[in-house]
Amino acid sequence: MDTNGVGSIAVHNTRKYFAVAEKGINPNIYVYEWPTMRLYRILRKGTDLKYAHCEFSPSGTKLASLGGDPDFTLTVWDWVNERVILKCKAFGQDVFRCSFSPFSDDVLFTGGSGHIKFWKMAKTFTGLKLQGEIGKYGALELSDVSGFHELPDGKVVSGTEYGTMILWEGNLVKAHLVLDREKKTPLHNGGIEVILFEEDYFITAGTDGFIKWWPLKNIDDAEGDEIAEIAIAPVKEVSI
């Protein structure tokens, strides 16, 4: 490390490598072998001042990195060959996180200040491009987005700063997930920072100090009508 600290760390799915993304002028991403701690690869010129997030793809052959303020650059790397595959500006305001789809190396998501964005690596007449669609909140209030996860059928669930979750189909809201439909009671008493998926359950962690488990089926089956709110209930919750 050179520098002014670490912006993000990502572990390869084989557990044989991990990436350390720096903060500082012209920061690098260093990929180390584990457990030898031998420096294996160096990724250069992915952002100007700091990395906000980095993550390996499901196959492990690609790495996505997200630059922080001021450039908010989304970069997809062929990390083994230290080569940039695609690079573009993710958004004009703060972007907190970039993630690959758990099912594809060619689909990504970014979330940040007042937005979520859905990305595809698409072949065009002028070559491979990163094409992004911004999520359209419709009648719902815009929200900062820190946590999100894709469902097996391609829909995406994301958290909000208000403690609810939104189910997306494409870039449109399919359902707004709450505890009580009439009162619009949020799932967490505070923002949802993390959404994970394990053994048919989505796991959310909120700023209220709770971790909660939600069945995949209840979220996947949510079908909004003219009132977008759908009530779901956790099967387990732990206060930390």
# chains A, B, ... in the order shown; residues from 1 in each chain; ligands from 1
>>> residues_around(residues="A:Ala19", least_positions_apart="2", cutoff="10 Å", atoms="only C-alpha atoms", output="PDB file with C-alpha atoms, in the first residue's frame")
ATOM      1  CA  SER A   8     -12.683  -1.300  -0.006  1.00  0.00           C
ATOM      2  CA  ILE A   9     -11.629  -4.937   0.278  1.00  0.00           C
ATOM      3  CA  ALA A  10     -13.031  -7.807  -1.822  1.00  0.00           C
ATOM      4  CA  VAL A  11     -12.454 -11.539  -1.406  1.00  0.00           C
ATOM      5  CA  HIS A  12     -12.300 -13.798  -4.472  1.00  0.00           C
ATOM      6  CA  TYR A  17      -7.059 -13.974  -3.601  1.00  0.00           C
ATOM      7  CA  ALA A  21      -8.574  -0.760  -3.140  1.00  0.00           C
ATOM      8  CA  GLU A  22      -6.796   2.390  -1.991  1.00  0.00           C
ATOM      9  CA  ILE A  29      -6.089  -1.867  -6.463  1.00  0.00           C
ATOM     10  CA  TYR A  30      -3.690  -4.498  -5.150  1.00  0.00           C
ATOM     11  CA  VAL A  31      -4.601  -8.171  -5.501  1.00  0.00           C
ATOM     12  CA  TYR A  32      -2.850 -10.484  -3.040  1.00  0.00           C
ATOM     13  CA  GLU A  33      -2.605 -14.243  -2.845  1.00  0.00           C
ATOM     14  CA  LEU A  39       1.332  -9.355  -4.212  1.00  0.00           C
ATOM     15  CA  TYR A  40      -0.190 -10.917  -7.336  1.00  0.00           C
ATOM     16  CA  ARG A  41      -1.580  -8.097  -9.505  1.00  0.00           C
ATOM     17  CA  ILE A  42      -1.820  -4.278  -9.508  1.00  0.00           C
ATOM     18  CA  LEU A  43      -4.749  -2.491 -11.200  1.00  0.00           C
ATOM     19  CA  CYS A  54     -14.791  -3.219  -5.351  1.00  0.00           C
ATOM     20  CA  GLU A  55     -16.174  -6.703  -5.924  1.00  0.00           C
ATOM     21  CA  PHE A  56     -15.328  -9.851  -7.905  1.00  0.00           C
ATOM     22  CA  LEU A  63     -13.599  -7.312 -10.893  1.00  0.00           C
ATOM     23  CA  TRP A  79      -7.972  -8.333 -13.264  1.00  0.00           C
TER      24      TRP A  79
END
>>> closest_atom_pairs(of="stretch 32-145 of chain A", to="stretch 168-174 of chain A", cutoff="7 Å", atoms="only C-alpha atoms", output="Markdown table")
| residue | atom | partner | partner_atom | distance |
| --- | --- | --- | --- | --- |
| A:Phe118 | CA | A:Asn171 | CA | 7.0 |
| A:Glu133 | CA | A:Asn171 | CA | 6.5 |
| A:Ile134 | CA | A:Asn171 | CA | 6.4 |
| A:Gly135 | CA | A:Asn171 | CA | 4.5 |
| A:Lys136 | CA | A:Leu172 | CA | 5.4 |
| A:Tyr137 | CA | A:Val173 | CA | 6.2 |
>>> closest_residue(among="A:Glu199, A:Ala205, A:Ile166, A:Asn26", to="A:Ile232", atoms="only C-alpha atoms")
A:Ile166
>>> atom_distance(atom1="atom CA of A:Asp78", atom2="atom CA of A:Val6")
21.3 Å
>>> residues_around(residues="A:Pro27", least_positions_apart="6", cutoff="10 Å", atoms="only C-alpha atoms", output="ChimeraX atom specification")
/A:1-7,21,43-51,67
>>> write_last_selection(atoms="N, CA and C atoms", output="PDB file, in the first residue's frame")
ATOM      1  N   MET A   1       0.844  -1.211   0.000  1.00  0.00           N
ATOM      2  CA  MET A   1       0.000   0.000   0.000  1.00  0.00           C
ATOM      3  C   MET A   1       0.870   1.248   0.000  1.00  0.00           C
ATOM      4  N   ASP A   2       0.345   2.321  -0.668  1.00  0.00           N
ATOM      5  CA  ASP A   2       1.159   3.510  -0.837  1.00  0.00           C
ATOM      6  C   ASP A   2       0.889   4.596   0.221  1.00  0.00           C
ATOM      7  N   THR A   3      -0.243   4.736   0.877  1.00  0.00           N
ATOM      8  CA  THR A   3      -1.308   5.690   0.640  1.00  0.00           C
ATOM      9  C   THR A   3      -1.981   6.298   1.839  1.00  0.00           C
ATOM     10  N   ASN A   4      -3.244   6.747   1.515  1.00  0.00           N
ATOM     11  CA  ASN A   4      -4.058   7.424   2.524  1.00  0.00           C
ATOM     12  C   ASN A   4      -5.167   6.531   3.052  1.00  0.00           C
ATOM     13  N   GLY A   5      -4.956   5.254   3.057  1.00  0.00           N
ATOM     14  CA  GLY A   5      -5.955   4.348   3.614  1.00  0.00           C
ATOM     15  C   GLY A   5      -6.577   3.441   2.576  1.00  0.00           C
ATOM     16  N   VAL A   6      -7.572   2.672   3.035  1.00  0.00           N
ATOM     17  CA  VAL A   6      -8.233   1.654   2.216  1.00  0.00           C
ATOM     18  C   VAL A   6      -9.693   2.038   2.010  1.00  0.00           C
ATOM     19  N   GLY A   7     -10.141   1.988   0.761  1.00  0.00           N
ATOM     20  CA  GLY A   7     -11.535   2.298   0.444  1.00  0.00           C
ATOM     21  C   GLY A   7     -12.432   1.075   0.453  1.00  0.00           C
ATOM     22  N   ALA A  21      -8.449  -1.977  -2.332  1.00  0.00           N
ATOM     23  CA  ALA A  21      -8.574  -0.760  -3.140  1.00  0.00           C
ATOM     24  C   ALA A  21      -8.251   0.456  -2.278  1.00  0.00           C
ATOM     25  N   LEU A  43      -3.838  -3.128 -10.243  1.00  0.00           N
ATOM     26  CA  LEU A  43      -4.749  -2.491 -11.200  1.00  0.00           C
ATOM     27  C   LEU A  43      -4.619  -0.986 -11.045  1.00  0.00           C
ATOM     28  N   ARG A  44      -4.289  -0.315 -12.160  1.00  0.00           N
ATOM     29  CA  ARG A  44      -3.962   1.114 -12.124  1.00  0.00           C
ATOM     30  C   ARG A  44      -4.955   1.934 -12.946  1.00  0.00           C
ATOM     31  N   LYS A  45      -5.108   3.205 -12.567  1.00  0.00           N
ATOM     32  CA  LYS A  45      -5.851   4.211 -13.330  1.00  0.00           C
ATOM     33  C   LYS A  45      -7.335   3.876 -13.453  1.00  0.00           C
ATOM     34  N   GLY A  46      -7.944   3.465 -12.329  1.00  0.00           N
ATOM     35  CA  GLY A  46      -9.376   3.197 -12.333  1.00  0.00           C
ATOM     36  C   GLY A  46     -10.210   4.335 -11.783  1.00  0.00           C
ATOM     37  N   THR A  47      -9.564   5.264 -11.036  1.00  0.00           N
ATOM     38  CA  THR A  47     -10.264   6.414 -10.472  1.00  0.00           C
ATOM     39  C   THR A  47      -9.241   7.478 -10.088  1.00  0.00           C
ATOM     40  N   ASP A  48      -9.712   8.660  -9.698  1.00  0.00           N
ATOM     41  CA  ASP A  48      -8.807   9.795  -9.454  1.00  0.00           C
ATOM     42  C   ASP A  48      -8.282   9.881  -8.027  1.00  0.00           C
ATOM     43  N   LEU A  49      -9.198   9.751  -7.027  1.00  0.00           N
ATOM     44  CA  LEU A  49      -8.791  10.052  -5.660  1.00  0.00           C
ATOM     45  C   LEU A  49      -9.030   8.929  -4.653  1.00  0.00           C
ATOM     46  N   LYS A  50     -10.049   8.097  -4.875  1.00  0.00           N
ATOM     47  CA  LYS A  50     -10.301   7.018  -3.921  1.00  0.00           C
ATOM     48  C   LYS A  50     -11.272   6.019  -4.528  1.00  0.00           C
ATOM     49  N   TYR A  51     -11.178   4.797  -4.028  1.00  0.00           N
ATOM     50  CA  TYR A  51     -12.166   3.776  -4.382  1.00  0.00           C
ATOM     51  C   TYR A  51     -13.212   3.684  -3.281  1.00  0.00           C
ATOM     52  N   GLY A  67     -15.239   4.280  -8.227  1.00  0.00           N
ATOM     53  CA  GLY A  67     -14.511   5.429  -7.721  1.00  0.00           C
ATOM     54  C   GLY A  67     -15.402   6.320  -6.886  1.00  0.00           C
TER      55      GLY A  67
END
>>> select_by_dssp(residues="stretch 65-194 of chain A", states="strand (DSSP E or B)", output="PyMOL selection string")
chain A and resi 65-67+73-78+83-89+95-101+104-112+115-124+127-134+136+148-150+156-159+165-169+172-178+180+185+192-194
>>> residues_around(residues="A:His188", least_positions_apart="4", cutoff="10 Å", atoms="only C-alpha atoms", output="NGL selection string")
:A and (159-165 or 178-179 or 192 or 204-212)
>>> write_last_selection(atoms="N, CA and C atoms", output="PDB file, in the first residue's frame")
ATOM      1  N   GLY A 159     -32.934  -1.788  -0.521  1.00  0.00           N
ATOM      2  CA  GLY A 159     -33.352  -1.126   0.705  1.00  0.00           C
ATOM      3  C   GLY A 159     -33.535   0.361   0.478  1.00  0.00           C
ATOM      4  N   THR A 160     -34.170   1.017   1.441  1.00  0.00           N
ATOM      5  CA  THR A 160     -34.327   2.468   1.392  1.00  0.00           C
ATOM      6  C   THR A 160     -33.830   3.076   2.703  1.00  0.00           C
ATOM      7  N   GLU A 161     -33.629   4.374   2.685  1.00  0.00           N
ATOM      8  CA  GLU A 161     -33.213   5.077   3.904  1.00  0.00           C
ATOM      9  C   GLU A 161     -34.357   5.198   4.899  1.00  0.00           C
ATOM     10  N   TYR A 162     -35.581   4.819   4.462  1.00  0.00           N
ATOM     11  CA  TYR A 162     -36.763   4.919   5.323  1.00  0.00           C
ATOM     12  C   TYR A 162     -37.076   3.585   6.004  1.00  0.00           C
ATOM     13  N   GLY A 163     -36.290   2.547   5.725  1.00  0.00           N
ATOM     14  CA  GLY A 163     -36.497   1.260   6.378  1.00  0.00           C
ATOM     15  C   GLY A 163     -37.429   0.317   5.645  1.00  0.00           C
ATOM     16  N   THR A 164     -37.826   0.656   4.428  1.00  0.00           N
ATOM     17  CA  THR A 164     -38.641  -0.237   3.599  1.00  0.00           C
ATOM     18  C   THR A 164     -37.749  -0.890   2.541  1.00  0.00           C
ATOM     19  N   MET A 165     -38.326  -1.830   1.785  1.00  0.00           N
ATOM     20  CA  MET A 165     -37.633  -2.391   0.628  1.00  0.00           C
ATOM     21  C   MET A 165     -38.484  -2.182  -0.618  1.00  0.00           C
ATOM     22  N   VAL A 178     -43.460  -3.402   3.066  1.00  0.00           N
ATOM     23  CA  VAL A 178     -43.619  -2.796   4.397  1.00  0.00           C
ATOM     24  C   VAL A 178     -44.129  -3.873   5.356  1.00  0.00           C
ATOM     25  N   LEU A 179     -44.174  -3.544   6.653  1.00  0.00           N
ATOM     26  CA  LEU A 179     -44.739  -4.471   7.644  1.00  0.00           C
ATOM     27  C   LEU A 179     -46.260  -4.419   7.675  1.00  0.00           C
ATOM     28  N   ILE A 192     -32.009   0.716   5.659  1.00  0.00           N
ATOM     29  CA  ILE A 192     -31.499  -0.635   5.432  1.00  0.00           C
ATOM     30  C   ILE A 192     -30.156  -0.509   4.721  1.00  0.00           C
ATOM     31  N   THR A 204     -31.622  -8.730   6.066  1.00  0.00           N
ATOM     32  CA  THR A 204     -31.425  -7.282   6.050  1.00  0.00           C
ATOM     33  C   THR A 204     -30.811  -6.827   7.367  1.00  0.00           C
ATOM     34  N   ALA A 205     -29.977  -5.825   7.276  1.00  0.00           N
ATOM     35  CA  ALA A 205     -29.401  -5.194   8.464  1.00  0.00           C
ATOM     36  C   ALA A 205     -29.664  -3.702   8.379  1.00  0.00           C
ATOM     37  N   GLY A 206     -30.195  -3.140   9.466  1.00  0.00           N
ATOM     38  CA  GLY A 206     -30.595  -1.739   9.448  1.00  0.00           C
ATOM     39  C   GLY A 206     -29.872  -0.903  10.480  1.00  0.00           C
ATOM     40  N   THR A 207     -30.013   0.401  10.335  1.00  0.00           N
ATOM     41  CA  THR A 207     -29.389   1.323  11.287  1.00  0.00           C
ATOM     42  C   THR A 207     -30.084   1.284  12.650  1.00  0.00           C
ATOM     43  N   ASP A 208     -31.204   0.558  12.745  1.00  0.00           N
ATOM     44  CA  ASP A 208     -31.878   0.377  14.037  1.00  0.00           C
ATOM     45  C   ASP A 208     -31.212  -0.710  14.878  1.00  0.00           C
ATOM     46  N   GLY A 209     -30.168  -1.356  14.334  1.00  0.00           N
ATOM     47  CA  GLY A 209     -29.463  -2.390  15.081  1.00  0.00           C
ATOM     48  C   GLY A 209     -30.066  -3.772  14.949  1.00  0.00           C
ATOM     49  N   PHE A 210     -31.051  -3.936  14.073  1.00  0.00           N
ATOM     50  CA  PHE A 210     -31.685  -5.244  13.880  1.00  0.00           C
ATOM     51  C   PHE A 210     -31.179  -5.931  12.615  1.00  0.00           C
ATOM     52  N   ILE A 211     -31.051  -7.247  12.698  1.00  0.00           N
ATOM     53  CA  ILE A 211     -30.870  -8.123  11.538  1.00  0.00           C
ATOM     54  C   ILE A 211     -32.148  -8.945  11.418  1.00  0.00           C
ATOM     55  N   LYS A 212     -32.718  -8.987  10.213  1.00  0.00           N
ATOM     56  CA  LYS A 212     -33.997  -9.674  10.021  1.00  0.00           C
ATOM     57  C   LYS A 212     -33.930 -10.605   8.813  1.00  0.00           C
TER      58      LYS A 212
END
>>> residues_around(residues="A:Ile219", least_positions_apart="5", cutoff="9 Å", atoms="only C-alpha atoms", output="NGL selection string")
:A and (157 or 167 or 175 or 177 or 202 or 214 or 232)
>>> closest_residue(among="A:Trp77, A:Arg83, A:Lys62, A:Lys123", to="A:Asp105", atoms="only C-alpha atoms")
A:Lys62
>>> atom_distance(atom1="atom CA of A:Leu196", atom2="atom CA of A:Lys217")
15.0 Å
>>> select_by_dssp(residues="stretch 12-233 of chain A", states="helix (DSSP H, G or I)", output="ChimeraX atom specification")
/A:79-81,216-220
>>> write_last_selection(atoms="C-alpha atoms", output="compact mmCIF listing (two decimals), in the first residue's frame")
# COMPACT_ATOMS: atom_id res chain seq x y z
CA TRP A 79 -7.97 -8.33 -13.26
CA VAL A 80 -5.69 -11.29 -14.01
CA ASN A 81 -4.34 -9.46 -17.07
CA LEU A 216 -37.58 -15.34 -0.72
CA LYS A 217 -41.06 -16.55 -1.72
CA ASN A 218 -42.83 -13.70 0.11
CA ILE A 219 -40.68 -11.11 -1.67
CA ASP A 220 -40.72 -12.83 -5.07
>>> atom_distance(atom1="atom CA of A:Lys89", atom2="atom CA of A:Gly132")
10.0 Å
>>> closest_residue(among="A:Ala90, A:Leu128, A:Met37, A:Ile230", to="A:Lys183", atoms="only C-alpha atoms")
A:Ile230
>>> residues_around(residues="A:Leu130", least_positions_apart="3", cutoff="12 Å", atoms="only C-alpha atoms", output="list in words")
Ala64, Thr73, Leu74, Thr75, Val76, Ile85, Leu86, Lys87, Cys88, Lys89, Ala90, Asp106, Val107, Leu108, Phe109, Lys117, Phe118, Trp119, Lys120, Met121, Ala122, Lys123, Thr124, Thr126, Gly127 and Glu133 of chain A
>>> write_last_selection(atoms="N, CA and C atoms", output="mmCIF file, in the first residue's frame")
data_model
loop_
_atom_site.group_PDB
_atom_site.id
_atom_site.type_symbol
_atom_site.label_atom_id
_atom_site.label_comp_id
_atom_site.auth_asym_id
_atom_site.auth_seq_id
_atom_site.Cartn_x
_atom_site.Cartn_y
_atom_site.Cartn_z
ATOM 1 N N ALA A 64 -15.211 -5.544 -10.478
ATOM 2 C CA ALA A 64 -15.813 -4.226 -10.671
ATOM 3 C C ALA A 64 -15.314 -3.305 -9.578
ATOM 4 N N THR A 73 -16.369 6.769 -10.987
ATOM 5 C CA THR A 73 -16.123 5.940 -12.163
ATOM 6 C C THR A 73 -16.397 4.474 -11.865
ATOM 7 N N LEU A 74 -17.216 3.849 -12.712
ATOM 8 C CA LEU A 74 -17.463 2.409 -12.652
ATOM 9 C C LEU A 74 -16.539 1.737 -13.665
ATOM 10 N N THR A 75 -15.701 0.815 -13.186
ATOM 11 C CA THR A 75 -14.734 0.141 -14.047
ATOM 12 C C THR A 75 -14.898 -1.365 -13.905
ATOM 13 N N VAL A 76 -14.924 -2.067 -15.037
ATOM 14 C CA VAL A 76 -14.916 -3.532 -15.048
ATOM 15 C C VAL A 76 -13.549 -3.977 -15.550
ATOM 16 N N ILE A 85 -11.697 -3.553 -18.998
ATOM 17 C CA ILE A 85 -12.618 -4.015 -20.036
ATOM 18 C C ILE A 85 -13.553 -2.884 -20.440
ATOM 19 N N LEU A 86 -14.186 -2.251 -19.447
ATOM 20 C CA LEU A 86 -15.124 -1.153 -19.678
ATOM 21 C C LEU A 86 -15.029 -0.149 -18.540
ATOM 22 N N LYS A 87 -15.352 1.092 -18.865
ATOM 23 C CA LYS A 87 -15.232 2.160 -17.881
ATOM 24 C C LYS A 87 -16.218 3.264 -18.242
ATOM 25 N N CYS A 88 -16.962 3.777 -17.232
ATOM 26 C CA CYS A 88 -17.856 4.896 -17.491
ATOM 27 C C CYS A 88 -18.208 5.567 -16.167
ATOM 28 N N LYS A 89 -18.834 6.730 -16.234
ATOM 29 C CA LYS A 89 -19.289 7.440 -15.031
ATOM 30 C C LYS A 89 -20.564 6.767 -14.540
ATOM 31 N N ALA A 90 -20.571 6.388 -13.257
ATOM 32 C CA ALA A 90 -21.722 5.667 -12.721
ATOM 33 C C ALA A 90 -22.908 6.590 -12.469
ATOM 34 N N ASP A 106 -22.140 -10.276 -16.675
ATOM 35 C CA ASP A 106 -22.439 -9.183 -17.604
ATOM 36 C C ASP A 106 -23.527 -8.243 -17.104
ATOM 37 N N VAL A 107 -23.999 -8.461 -15.879
ATOM 38 C CA VAL A 107 -25.036 -7.615 -15.285
ATOM 39 C C VAL A 107 -24.504 -7.059 -13.973
ATOM 40 N N LEU A 108 -24.664 -5.738 -13.772
ATOM 41 C CA LEU A 108 -24.205 -5.088 -12.551
ATOM 42 C C LEU A 108 -25.277 -4.146 -12.026
ATOM 43 N N PHE A 109 -25.096 -3.744 -10.774
ATOM 44 C CA PHE A 109 -25.988 -2.780 -10.134
ATOM 45 C C PHE A 109 -25.143 -1.789 -9.353
ATOM 46 N N LYS A 117 -29.183 2.004 -9.979
ATOM 47 C CA LYS A 117 -28.985 1.937 -11.431
ATOM 48 C C LYS A 117 -28.697 0.491 -11.832
ATOM 49 N N PHE A 118 -29.262 0.082 -12.973
ATOM 50 C CA PHE A 118 -29.175 -1.285 -13.462
ATOM 51 C C PHE A 118 -28.326 -1.282 -14.737
ATOM 52 N N TRP A 119 -27.261 -2.088 -14.745
ATOM 53 C CA TRP A 119 -26.276 -2.051 -15.817
ATOM 54 C C TRP A 119 -26.190 -3.389 -16.554
ATOM 55 N N LYS A 120 -25.932 -3.297 -17.857
ATOM 56 C CA LYS A 120 -25.635 -4.479 -18.661
ATOM 57 C C LYS A 120 -24.409 -4.206 -19.520
ATOM 58 N N MET A 121 -23.559 -5.220 -19.644
ATOM 59 C CA MET A 121 -22.459 -5.154 -20.610
ATOM 60 C C MET A 121 -23.013 -5.669 -21.929
ATOM 61 N N ALA A 122 -23.216 -4.774 -22.871
ATOM 62 C CA ALA A 122 -23.918 -5.119 -24.108
ATOM 63 C C ALA A 122 -23.019 -4.924 -25.324
ATOM 64 N N LYS A 123 -23.141 -5.824 -26.287
ATOM 65 C CA LYS A 123 -22.420 -5.692 -27.551
ATOM 66 C C LYS A 123 -23.216 -4.766 -28.464
ATOM 67 N N THR A 124 -22.550 -3.712 -28.949
ATOM 68 C CA THR A 124 -23.183 -2.761 -29.863
ATOM 69 C C THR A 124 -22.381 -2.719 -31.158
ATOM 70 N N THR A 126 -20.566 -0.450 -32.143
ATOM 71 C CA THR A 126 -19.250 0.169 -31.905
ATOM 72 C C THR A 126 -18.440 -0.578 -30.840
ATOM 73 N N GLY A 127 -18.911 -1.788 -30.492
ATOM 74 C CA GLY A 127 -18.157 -2.592 -29.533
ATOM 75 C C GLY A 127 -18.921 -2.789 -28.233
ATOM 76 N N GLU A 133 -29.506 1.851 -16.749
ATOM 77 C CA GLU A 133 -30.854 2.414 -16.638
ATOM 78 C C GLU A 133 -31.093 2.811 -15.195
#
